[in-house]
Amino acid sequence: MSFFAQLSQWLADPNRWSWTDPAGIPFRTVQHLWFSALALAISIVLTVPLAVCLGHYRRGQFLASSAVNIGRAIPSFGLIILFWFLASRWGANTDFWPLLLALVALALPPLFTNTYAGVVQVEQEVVDAARGTGYREWQIMLRVELPLSSPVIVAAARVAFLQLIATVAIGAIVNDGGGLGRYIVDGFALGEQGHGEIFGGGLAVVILALVCEGLFALLTKLATPRGLALQQARRDS
């Protein structure tokens with residue numbers, strides 16, 4: 001059977017477009033997004049408050065630079081295998097925890113580093129002006145530094161989320177769910193007869209990543225304070 005015939009047959013499966021069947025593209029897309037979004041939410045809770053606090057007091061520069069190096073050095077697949085091994089030894093759910101913990105570990109470095117850098121880059125004159133009007137330190141962090149650094153934080157979330165989407169697909173090797181990556185793994189298991197499924201699964205992952213990229217670009221625009229956006233527009237013009 002030719003490649004295009006395989007792909008057509010795979011797409012023509014009546015359950016391929018089901019929201020409830022585990023073999024359906026919509027079902028696995030939701031599963032893919034759920035893992036990615038959950039890991040991103042946990043990473044934001046763990047990193048953003050700490051990075052904002054350290055950036056406000058101008059502490060933790062070594063930690064921020066170390067996070068960059070750690071983020072570049074961590075092999076995503078190696079983390080998944082490591083957490084799978086630990087989960088299997090401890091009797092934990094190997095279909096959930098290994099992939100989730102690996103995703104969180106991958107998202108932490110870029111979120112922490114960019115949030116810290118965004119807060120540090122806020123002009124000191126603005127911070128001093130807020131302090132002079134009677135703002136407490138926590139108010140400066142929440143009402144001044146966090147809004148002004150929000151475009152950088154959202155940009156970090158976008159980079160982390162796209163990395164998470166790619167890693168969820170890889171995680172299908174050790175995860176019975178695995179989102180859209182399950183098609184790729186199952187296709188390889190079929191050998192030559194699975195080329196259509198491999199291509200379909202890979203294309204679905206690419207489309208999902210592009211859609212998420214566009215949504216985050218819109219979110220970045222919405223998260224930019226009006227005054228900061230006008231200032232950037234004047235610089236560009």
# chains A, B, ... in the order shown; residues from 1 in each chain; ligands from 1

$ residues_around --residues "Val211 of chain A" --least-positions-apart "3" --cutoff "12 Å" --atoms "only C-alpha atoms" --output "VMD selection string"
chain A and resid 29 33 158 161 to 162 165 204 to 208 214 to 218

$ residues_around --residues "Val159 of chain A" --least-positions-apart "4" --cutoff "8 Å" --atoms "only C-alpha atoms" --output "PyMOL selection string"
chain A and resi 110+155+163

$ closest_atom_pairs --of "segment 109-189 of chain A" --to "segment 195-202 of chain A" --cutoff "10 Å" --atoms "only C-alpha atoms" --output "tab-separated table"
residue	atom	partner	partner_atom	distance
A:Ala169	CA	A:Gly202	CA	8.8
A:Gly179	CA	A:Gly201	CA	9.5
A:Leu180	CA	A:Gly201	CA	5.8
A:Gly181	CA	A:Gly201	CA	6.3
A:Arg182	CA	A:Gly201	CA	7.6
A:Tyr183	CA	A:Gly201	CA	5.0
A:Ile184	CA	A:Ile198	CA	4.4
A:Val185	CA	A:Ile198	CA	7.5
A:Asp186	CA	A:Glu197	CA	7.8
A:Gly187	CA	A:Ile198	CA	5.0
A:Phe188	CA	A:Ile198	CA	6.9
A:Ala189	CA	A:Ile198	CA	9.9

$ write_last_selection --atoms "C-alpha atoms" --output "mmCIF file, in the first residue's frame"
data_model
loop_
_atom_site.group_PDB
_atom_site.id
_atom_site.type_symbol
_atom_site.label_atom_id
_atom_site.label_comp_id
_atom_site.auth_asym_id
_atom_site.auth_seq_id
_atom_site.Cartn_x
_atom_site.Cartn_y
_atom_site.Cartn_z
ATOM 1 C CA ALA A 169 4.849 13.691 21.935
ATOM 2 C CA GLY A 179 -1.431 12.611 23.301
ATOM 3 C CA LEU A 180 -0.776 13.000 19.600
ATOM 4 C CA GLY A 181 2.638 11.369 19.951
ATOM 5 C CA ARG A 182 0.877 8.037 20.414
ATOM 6 C CA TYR A 183 0.200 7.963 16.666
ATOM 7 C CA ILE A 184 3.917 8.271 15.943
ATOM 8 C CA VAL A 185 4.854 5.486 18.357
ATOM 9 C CA ASP A 186 2.093 3.195 17.106
ATOM 10 C CA GLY A 187 3.046 3.930 13.512
ATOM 11 C CA PHE A 188 6.648 2.923 14.095
ATOM 12 C CA ALA A 189 5.411 -0.299 15.703
#

$ residues_around --residues "Ala157 of chain A" --least-positions-apart "6" --cutoff "10 Å" --atoms "only C-alpha atoms" --output "JSON, numbers by chain"
{"A": [40, 41, 43, 44, 107, 108, 110, 111, 112, 114, 115, 151, 163, 216, 220]}

$ residues_around --residues "Thr94 of chain A" --least-positions-apart "5" --cutoff "10 Å" --atoms "only C-alpha atoms" --output "PDB file with N, CA and C atoms, in the first residue's frame"
ATOM      1  N   PHE A  83      12.354   9.484  35.522  1.00  0.00           N
ATOM      2  CA  PHE A  83      11.166   9.540  36.369  1.00  0.00           C
ATOM      3  C   PHE A  83      10.302   8.279  36.207  1.00  0.00           C
ATOM      4  N   TRP A  84      10.311   7.699  35.025  1.00  0.00           N
ATOM      5  CA  TRP A  84       9.570   6.442  34.841  1.00  0.00           C
ATOM      6  C   TRP A  84      10.187   5.336  35.696  1.00  0.00           C
ATOM      7  N   PHE A  85      11.508   5.285  35.709  1.00  0.00           N
ATOM      8  CA  PHE A  85      12.199   4.267  36.514  1.00  0.00           C
ATOM      9  C   PHE A  85      11.888   4.461  37.994  1.00  0.00           C
ATOM     10  N   LEU A  86      11.946   5.719  38.467  1.00  0.00           N
ATOM     11  CA  LEU A  86      11.674   5.980  39.879  1.00  0.00           C
ATOM     12  C   LEU A  86      10.223   5.665  40.228  1.00  0.00           C
ATOM     13  N   ALA A  87       9.308   6.036  39.328  1.00  0.00           N
ATOM     14  CA  ALA A  87       7.890   5.764  39.592  1.00  0.00           C
ATOM     15  C   ALA A  87       7.611   4.269  39.638  1.00  0.00           C
ATOM     16  N   SER A  88       8.246   3.519  38.749  1.00  0.00           N
ATOM     17  CA  SER A  88       8.041   2.070  38.753  1.00  0.00           C
ATOM     18  C   SER A  88       8.625   1.427  40.007  1.00  0.00           C
ATOM     19  N   ARG A  89       9.726   1.968  40.514  1.00  0.00           N
ATOM     20  CA  ARG A  89      10.336   1.422  41.732  1.00  0.00           C
ATOM     21  C   ARG A  89       9.488   1.739  42.958  1.00  0.00           C
ATOM     22  N   LEU A  99       5.901  11.559  33.105  1.00  0.00           N
ATOM     23  CA  LEU A  99       5.815  12.586  32.074  1.00  0.00           C
ATOM     24  C   LEU A  99       5.553  13.960  32.681  1.00  0.00           C
ATOM     25  N   VAL A 174       6.816   6.105  26.620  1.00  0.00           N
ATOM     26  CA  VAL A 174       6.680   5.450  27.920  1.00  0.00           C
ATOM     27  C   VAL A 174       5.319   5.691  28.553  1.00  0.00           C
ATOM     28  N   ASN A 175       4.432   6.391  27.840  1.00  0.00           N
ATOM     29  CA  ASN A 175       3.129   6.749  28.380  1.00  0.00           C
ATOM     30  C   ASN A 175       2.039   6.173  27.504  1.00  0.00           C
ATOM     31  N   ASP A 176       1.075   5.454  28.116  1.00  0.00           N
ATOM     32  CA  ASP A 176       0.002   4.852  27.331  1.00  0.00           C
ATOM     33  C   ASP A 176      -0.890   5.901  26.682  1.00  0.00           C
TER      34      ASP A 176
END

$ atom_distance --atom1 "atom CA of Gln31 of chain A" --atom2 "atom CA of Val45 of chain A"
21.4 Å

$ select_by_dssp --residues "segment 44-210 of chain A" --states "helix (DSSP H, G or I)" --output "ChimeraX atom specification"
/A:44-56,61-73,76-90,97-120,124-132,137-171,181-189,191-210

$ atom_distance --atom1 "atom CA of Asn93 of chain A" --atom2 "atom CA of Pro26 of chain A"
24.4 Å

$ residues_around --residues "Val120 of chain A" --least-positions-apart "5" --cutoff "10 Å" --atoms "only C-alpha atoms" --output "list in words"
Ala51, Val52, Leu54, Gly55, His56, Tyr57, Arg58, Arg59, Gln61, Asn114, Thr115, Glu145 and Ser149 of chain A

$ atom_distance --atom1 "atom CA of Glu192 of chain A" --atom2 "atom CA of Gly78 of chain A"
27.5 Å

$ residues_around --residues "Gly118 of chain A" --least-positions-apart "4" --cutoff "8 Å" --atoms "only C-alpha atoms" --output "list in words"
Asn114, Val122, Leu148, Ser149, Ser150, Val152 and Ile153 of chain A

$ closest_residue --among "A:Val127, A:Leu50, A:Val154, A:Leu164" --to "Thr224 of chain A" --atoms "only C-alpha atoms"
A:Val154

$ closest_residue --among "A:Gly132, A:Trp97, A:Leu203, A:Ala117" --to "Ser65 of chain A" --atoms "only C-alpha atoms"
A:Ala117

$ decode --residues "segment 35-148 of chain A" --atoms "C-alpha atoms" --output "PDB file, in the first residue's frame"
ATOM      1  CA  PHE A  35      -0.568  17.505  30.031  1.00  0.00           C
ATOM      2  CA  SER A  36       1.161  20.581  28.604  1.00  0.00           C
ATOM      3  CA  ALA A  37      -1.115  23.119  30.304  1.00  0.00           C
ATOM      4  CA  LEU A  38      -0.991  21.356  33.676  1.00  0.00           C
ATOM      5  CA  ALA A  39       2.810  21.248  33.630  1.00  0.00           C
ATOM      6  CA  LEU A  40       2.988  24.918  32.620  1.00  0.00           C
ATOM      7  CA  ALA A  41       0.568  25.965  35.381  1.00  0.00           C
ATOM      8  CA  ILE A  42       2.554  24.085  38.037  1.00  0.00           C
ATOM      9  CA  SER A  43       5.812  25.588  36.751  1.00  0.00           C
ATOM     10  CA  ILE A  44       4.382  29.117  36.843  1.00  0.00           C
ATOM     11  CA  VAL A  45       3.228  28.682  40.436  1.00  0.00           C
ATOM     12  CA  LEU A  46       6.647  27.351  41.452  1.00  0.00           C
ATOM     13  CA  THR A  47       8.816  29.914  39.641  1.00  0.00           C
ATOM     14  CA  VAL A  48       7.100  33.249  38.986  1.00  0.00           C
ATOM     15  CA  PRO A  49       6.524  34.360  42.635  1.00  0.00           C
ATOM     16  CA  LEU A  50      10.080  33.389  43.595  1.00  0.00           C
ATOM     17  CA  ALA A  51      11.621  35.032  40.524  1.00  0.00           C
ATOM     18  CA  VAL A  52       9.635  38.253  41.032  1.00  0.00           C
ATOM     19  CA  CYS A  53      10.710  38.441  44.679  1.00  0.00           C
ATOM     20  CA  LEU A  54      14.384  37.753  43.922  1.00  0.00           C
ATOM     21  CA  GLY A  55      14.362  40.155  40.985  1.00  0.00           C
ATOM     22  CA  HIS A  56      12.810  42.907  43.112  1.00  0.00           C
ATOM     23  CA  TYR A  57      15.539  42.646  45.729  1.00  0.00           C
ATOM     24  CA  ARG A  58      18.225  42.086  43.064  1.00  0.00           C
ATOM     25  CA  ARG A  59      19.206  38.728  44.504  1.00  0.00           C
ATOM     26  CA  GLY A  60      19.563  35.308  42.952  1.00  0.00           C
ATOM     27  CA  GLN A  61      21.548  36.332  39.868  1.00  0.00           C
ATOM     28  CA  PHE A  62      23.689  33.202  40.148  1.00  0.00           C
ATOM     29  CA  LEU A  63      20.541  31.069  40.450  1.00  0.00           C
ATOM     30  CA  ALA A  64      19.079  32.685  37.333  1.00  0.00           C
ATOM     31  CA  SER A  65      22.210  32.129  35.262  1.00  0.00           C
ATOM     32  CA  SER A  66      22.471  28.553  36.544  1.00  0.00           C
ATOM     33  CA  ALA A  67      18.865  27.920  35.511  1.00  0.00           C
ATOM     34  CA  VAL A  68      19.765  28.863  31.928  1.00  0.00           C
ATOM     35  CA  ASN A  69      22.640  26.378  31.828  1.00  0.00           C
ATOM     36  CA  ILE A  70      20.574  23.644  33.465  1.00  0.00           C
ATOM     37  CA  GLY A  71      17.743  24.200  31.007  1.00  0.00           C
ATOM     38  CA  ARG A  72      20.100  23.792  28.076  1.00  0.00           C
ATOM     39  CA  ALA A  73      21.751  20.686  29.493  1.00  0.00           C
ATOM     40  CA  ILE A  74      18.654  18.705  30.501  1.00  0.00           C
ATOM     41  CA  PRO A  75      17.773  15.961  27.980  1.00  0.00           C
ATOM     42  CA  SER A  76      13.983  15.704  27.896  1.00  0.00           C
ATOM     43  CA  PHE A  77      13.834  12.028  27.005  1.00  0.00           C
ATOM     44  CA  GLY A  78      16.404  11.194  29.668  1.00  0.00           C
ATOM     45  CA  LEU A  79      14.264  12.904  32.293  1.00  0.00           C
ATOM     46  CA  ILE A  80      11.190  10.951  31.240  1.00  0.00           C
ATOM     47  CA  ILE A  81      13.067   7.650  31.494  1.00  0.00           C
ATOM     48  CA  LEU A  82      14.542   8.627  34.866  1.00  0.00           C
ATOM     49  CA  PHE A  83      11.166   9.540  36.369  1.00  0.00           C
ATOM     50  CA  TRP A  84       9.570   6.442  34.841  1.00  0.00           C
ATOM     51  CA  PHE A  85      12.199   4.267  36.514  1.00  0.00           C
ATOM     52  CA  LEU A  86      11.674   5.980  39.879  1.00  0.00           C
ATOM     53  CA  ALA A  87       7.890   5.764  39.592  1.00  0.00           C
ATOM     54  CA  SER A  88       8.041   2.070  38.753  1.00  0.00           C
ATOM     55  CA  ARG A  89      10.336   1.422  41.732  1.00  0.00           C
ATOM     56  CA  TRP A  90       8.057   3.346  44.107  1.00  0.00           C
ATOM     57  CA  GLY A  91       4.831   1.848  42.785  1.00  0.00           C
ATOM     58  CA  ALA A  92       3.493   5.167  41.468  1.00  0.00           C
ATOM     59  CA  ASN A  93       1.362   5.646  38.355  1.00  0.00           C
ATOM     60  CA  THR A  94       3.838   5.365  35.462  1.00  0.00           C
ATOM     61  CA  ASP A  95       1.272   6.683  32.964  1.00  0.00           C
ATOM     62  CA  PHE A  96       1.049  10.086  34.658  1.00  0.00           C
ATOM     63  CA  TRP A  97       3.820  11.093  37.045  1.00  0.00           C
ATOM     64  CA  PRO A  98       6.972  10.443  34.970  1.00  0.00           C
ATOM     65  CA  LEU A  99       5.815  12.586  32.074  1.00  0.00           C
ATOM     66  CA  LEU A 100       4.336  15.330  34.277  1.00  0.00           C
ATOM     67  CA  LEU A 101       7.456  15.643  36.442  1.00  0.00           C
ATOM     68  CA  ALA A 102       9.703  15.714  33.373  1.00  0.00           C
ATOM     69  CA  LEU A 103       7.560  18.435  31.801  1.00  0.00           C
ATOM     70  CA  VAL A 104       7.664  20.570  34.936  1.00  0.00           C
ATOM     71  CA  ALA A 105      11.434  20.165  35.204  1.00  0.00           C
ATOM     72  CA  LEU A 106      11.832  21.334  31.599  1.00  0.00           C
ATOM     73  CA  ALA A 107       9.565  24.371  32.011  1.00  0.00           C
ATOM     74  CA  LEU A 108      11.119  25.684  35.225  1.00  0.00           C
ATOM     75  CA  PRO A 109      14.434  27.105  33.872  1.00  0.00           C
ATOM     76  CA  PRO A 110      13.080  29.378  31.084  1.00  0.00           C
ATOM     77  CA  LEU A 111      10.203  30.633  33.233  1.00  0.00           C
ATOM     78  CA  PHE A 112      12.422  31.476  36.178  1.00  0.00           C
ATOM     79  CA  THR A 113      15.183  33.065  34.099  1.00  0.00           C
ATOM     80  CA  ASN A 114      12.920  35.261  31.961  1.00  0.00           C
ATOM     81  CA  THR A 115      10.759  36.350  34.886  1.00  0.00           C
ATOM     82  CA  TYR A 116      13.823  37.328  36.876  1.00  0.00           C
ATOM     83  CA  ALA A 117      15.297  39.185  33.897  1.00  0.00           C
ATOM     84  CA  GLY A 118      11.998  40.966  33.217  1.00  0.00           C
ATOM     85  CA  VAL A 119      11.745  42.257  36.779  1.00  0.00           C
ATOM     86  CA  VAL A 120      15.393  43.318  36.927  1.00  0.00           C
ATOM     87  CA  GLN A 121      15.011  45.271  33.664  1.00  0.00           C
ATOM     88  CA  VAL A 122      12.239  47.464  35.089  1.00  0.00           C
ATOM     89  CA  GLU A 123      13.657  50.990  35.320  1.00  0.00           C
ATOM     90  CA  GLN A 124      14.742  51.862  38.847  1.00  0.00           C
ATOM     91  CA  GLU A 125      13.232  55.336  38.494  1.00  0.00           C
ATOM     92  CA  VAL A 126       9.785  53.792  38.127  1.00  0.00           C
ATOM     93  CA  VAL A 127      10.303  51.649  41.214  1.00  0.00           C
ATOM     94  CA  ASP A 128      11.591  54.623  43.218  1.00  0.00           C
ATOM     95  CA  ALA A 129       8.605  56.714  42.124  1.00  0.00           C
ATOM     96  CA  ALA A 130       6.203  54.024  43.286  1.00  0.00           C
ATOM     97  CA  ARG A 131       8.073  53.730  46.584  1.00  0.00           C
ATOM     98  CA  GLY A 132       7.931  57.498  46.976  1.00  0.00           C
ATOM     99  CA  THR A 133       4.136  57.519  46.617  1.00  0.00           C
ATOM    100  CA  GLY A 134       3.831  55.154  49.580  1.00  0.00           C
ATOM    101  CA  TYR A 135       3.732  51.770  47.887  1.00  0.00           C
ATOM    102  CA  ARG A 136       4.899  48.909  50.044  1.00  0.00           C
ATOM    103  CA  GLU A 137       7.417  46.465  48.629  1.00  0.00           C
ATOM    104  CA  TRP A 138       4.812  43.786  47.867  1.00  0.00           C
ATOM    105  CA  GLN A 139       2.649  46.405  46.140  1.00  0.00           C
ATOM    106  CA  ILE A 140       5.580  47.459  43.980  1.00  0.00           C
ATOM    107  CA  MET A 141       6.130  43.847  42.966  1.00  0.00           C
ATOM    108  CA  LEU A 142       2.471  43.167  42.153  1.00  0.00           C
ATOM    109  CA  ARG A 143       1.361  46.528  40.730  1.00  0.00           C
ATOM    110  CA  VAL A 144       4.513  47.844  39.066  1.00  0.00           C
ATOM    111  CA  GLU A 145       7.177  45.251  38.346  1.00  0.00           C
ATOM    112  CA  LEU A 146       4.927  42.305  37.517  1.00  0.00           C
ATOM    113  CA  PRO A 147       2.751  44.204  34.971  1.00  0.00           C
ATOM    114  CA  LEU A 148       5.795  45.816  33.319  1.00  0.00           C
TER     115      LEU A 148
END
